[in-house]
Amino acid sequence: MKLQRMNRRALALGALAVSGALALTACGSDDTGGASNGGGSSNAAAPSNVKCDDAKGQLLADGSSAQKNAIDAWVKQFTAACQGLQINYKGGGSGAGVTAFTQGQVAFAGSDSALKPDEVTASKKVCTGGQGIDLPMVGGPIAVGYNVDGVDNLVLDAPTLAKIFNGKITNWNDPAIKKLNPDAKLPDLKIQAFHRSDDSGTTDNFTKYLIATAKSDWPYDGGKTWQAKGGQSASGSSGVAQQVKQTNGAIGYFELSYAKDGLKTVDLDTGAAQPVKATVENATKAISEAKVVGTGKDLSLQLNYGTKAEGAYPMVLVTYEIVCDKGNKSDTLPGTKAFLRYIASEDGQKILSENDYAPIPADIISQVRTTIEGLS
């Protein structure tokens, strides 16, 4: 009996190692429109508790590039268990995802911003007898990556960030940056600020942070579309990260999961005793202060961008999966529910922290799970 238990334990540990390796491998995917297709990969260790609900065929989805790496990892695991379902997620950005959803082109969409009233109205045309709702599923920090030779640690605050991205601070040895980094050897080098070219929930949340904490230096209304003049643009989070990586003097914003291959990230001076690093743990502390403000089955959140709590990284986003509460298409409903059920599960949420994302707080994700079971 003891030997049998040891064998079972060894097999379980081996499966877990394979699962983790696959999830991390999926992180390398970009978000420029490639399909996420785990399509029954024989290399993936199938989670034993996935309920497939006879899901078959193809599930199309589009939206947030912020969650693309998470979706890829989820799809790899889910389709190992549910080999009859093919999932194709095109990370074309939150704006593209919402548009595709309201036009009935996809089963669900990913967006880093909750549906606006006019988008809810548009969704009623495709959700027969229902409407689109927001299900918070992925959390995480928006990292500010930079590439300045000789500078390995950099602290910035909200006003300074706002001035950089608004073209008011244009050189790395500016007095405002020097004041925050007295020990850094800041070069006489032009700042190359990169923003998103596509409509993006990442942009929406990045600018919401600036509006909440540095309004006088960021005189814009915010939204998915970049509003400030100047700077340079790139498509998708992967595009911004790539531009920062290859350009000396560059700075840009993207999800932490894209801060790979030596990309350095800014520590935020939030007014807490110590500057806060962009980590999953620190983002989770900030997201835990979020409140559900949606009505009915909608679970949209209000984030506290202005928190000064110790160790809380407030430049965060939450990605929603947008789906019909009622009136989902009969051919895609089983697959949609099965996949959403899995990614909201304990196993699904665990994959997030393994891939530089923050799991949704327990009290909120429990509401998400209940809502998913009621989709029709």
# chains A, B, ... in the order shown; residues from 1 in each chain; ligands from 1
$ residues_around --residues "Thr99 (chain A)" --least-positions-apart "2" --cutoff "10 Å" --atoms "only C-alpha atoms" --output "list of chain:residue names"
A:Asp62, A:Gly63, A:Ser94, A:Gly95, A:Ala96, A:Gly97, A:Phe101, A:Thr102, A:Gln103, A:Gly104, A:Gln105, A:Val106, A:Ala109, A:Glu119, A:Ala122, A:Ser123
$ select_by_dssp --residues "region 264-299 of chain A" --states "helix (DSSP H, G or I)" --output "list in words"
Val280, Glu281, Asn282, Ala283, Thr284, Lys285, Ala286 and Ile287 of chain A
$ closest_residue --among "A:Asp217, A:Asp198, A:Asp261, A:Glu321" --to "Ala61 (chain A)" --atoms "only C-alpha atoms"
A:Glu321
$ closest_residue --among "A:Thr213, A:Ser197, A:Gln67, A:Asn49" --to "Ser235 (chain A)" --atoms "only C-alpha atoms"
A:Ser197
$ select_by_dssp --residues "region 64-201 of chain A" --states "strand (DSSP E)" --output "PyMOL selection string"
chain A and resi 85-90+108-111+132-147+155-157+192-196
$ write_last_selection --atoms "C-alpha atoms" --output "compact mmCIF listing (two decimals), in the first residue's frame"
# COMPACT_ATOMS: atom_id res chain seq x y z
CA LEU A 85 -13.94 21.65 -28.86
CA GLN A 86 -11.63 23.99 -30.72
CA ILE A 87 -11.18 27.46 -29.20
CA ASN A 88 -9.88 30.34 -31.28
CA TYR A 89 -9.19 33.56 -29.37
CA LYS A 90 -7.97 36.49 -31.45
CA PHE A 108 -17.70 35.75 -25.93
CA ALA A 109 -15.31 38.68 -25.81
CA GLY A 110 -12.54 39.82 -23.51
CA SER A 111 -12.41 43.46 -22.44
CA GLY A 132 -24.21 41.29 -22.47
CA ILE A 133 -22.76 41.06 -18.95
CA ASP A 134 -19.26 41.54 -17.53
CA LEU A 135 -17.60 38.64 -15.70
CA PRO A 136 -14.28 39.64 -14.04
CA MET A 137 -11.83 36.83 -14.73
CA VAL A 138 -8.26 38.10 -14.97
CA GLY A 139 -6.44 40.63 -12.83
CA GLY A 140 -2.97 42.01 -12.98
CA PRO A 141 -0.61 44.95 -12.87
CA ILE A 142 -0.05 47.29 -15.78
CA ALA A 143 3.71 47.46 -15.83
CA VAL A 144 5.59 50.49 -17.12
CA GLY A 145 8.58 49.08 -18.93
CA TYR A 146 11.64 51.14 -19.79
CA ASN A 147 14.93 50.74 -21.63
CA VAL A 155 11.05 55.07 -9.49
CA LEU A 156 8.33 57.29 -10.95
CA ASP A 157 5.17 58.81 -9.50
CA GLN A 192 10.75 57.67 -26.50
CA ALA A 193 7.25 57.15 -25.08
CA PHE A 194 5.21 54.34 -26.66
CA HIS A 195 1.43 53.93 -26.39
CA ARG A 196 -1.15 51.63 -27.97
$ residues_around --residues "Ala273 (chain A)" --least-positions-apart "3" --cutoff "12 Å" --atoms "only C-alpha atoms" --output "PyMOL selection string"
chain A and resi 268-270+276+308-312
$ residues_around --residues "Trp218 (chain A)" --least-positions-apart "2" --cutoff "9 Å" --atoms "only C-alpha atoms" --output "compact mmCIF listing (two decimals) with N, CA and C atoms, in the first residue's frame"
# COMPACT_ATOMS: atom_id res chain seq x y z
N PRO A 159 2.34 62.00 -11.28
CA PRO A 159 2.53 63.25 -12.02
C PRO A 159 3.67 63.17 -13.04
N ALA A 162 2.57 61.07 -15.98
CA ALA A 162 1.63 61.84 -16.81
C ALA A 162 2.38 62.83 -17.70
N LYS A 163 3.37 63.50 -17.14
CA LYS A 163 4.13 64.47 -17.92
C LYS A 163 4.97 63.81 -19.00
N PHE A 165 4.23 60.90 -20.60
CA PHE A 165 3.36 60.43 -21.68
C PHE A 165 2.56 61.54 -22.33
N ASN A 166 2.56 62.71 -21.71
CA ASN A 166 1.90 63.87 -22.31
C ASN A 166 2.91 64.80 -23.00
N THR A 207 -4.82 55.17 -18.23
CA THR A 207 -5.19 56.58 -18.14
C THR A 207 -6.17 56.83 -16.99
N LEU A 210 -3.95 57.63 -14.20
CA LEU A 210 -3.41 58.98 -14.28
C LEU A 210 -4.48 60.02 -13.94
N ILE A 211 -5.70 59.80 -14.39
CA ILE A 211 -6.79 60.73 -14.09
C ILE A 211 -7.07 60.77 -12.59
N ALA A 214 -3.30 62.07 -10.98
CA ALA A 214 -2.53 63.22 -11.50
C ALA A 214 -3.36 64.00 -12.51
N LYS A 215 -4.58 64.33 -12.12
CA LYS A 215 -5.52 64.95 -13.05
C LYS A 215 -4.99 66.25 -13.64
N SER A 216 -4.31 67.07 -12.84
CA SER A 216 -3.83 68.35 -13.36
C SER A 216 -2.76 68.18 -14.43
N TYR A 220 -7.21 64.81 -19.79
CA TYR A 220 -7.97 64.08 -20.80
C TYR A 220 -9.10 63.30 -20.12
N ASP A 221 -10.08 62.90 -20.94
CA ASP A 221 -11.24 62.19 -20.41
C ASP A 221 -10.99 60.71 -20.21
N ALA A 228 -3.61 61.66 -25.84
CA ALA A 228 -2.52 62.64 -25.79
C ALA A 228 -1.83 62.75 -27.14
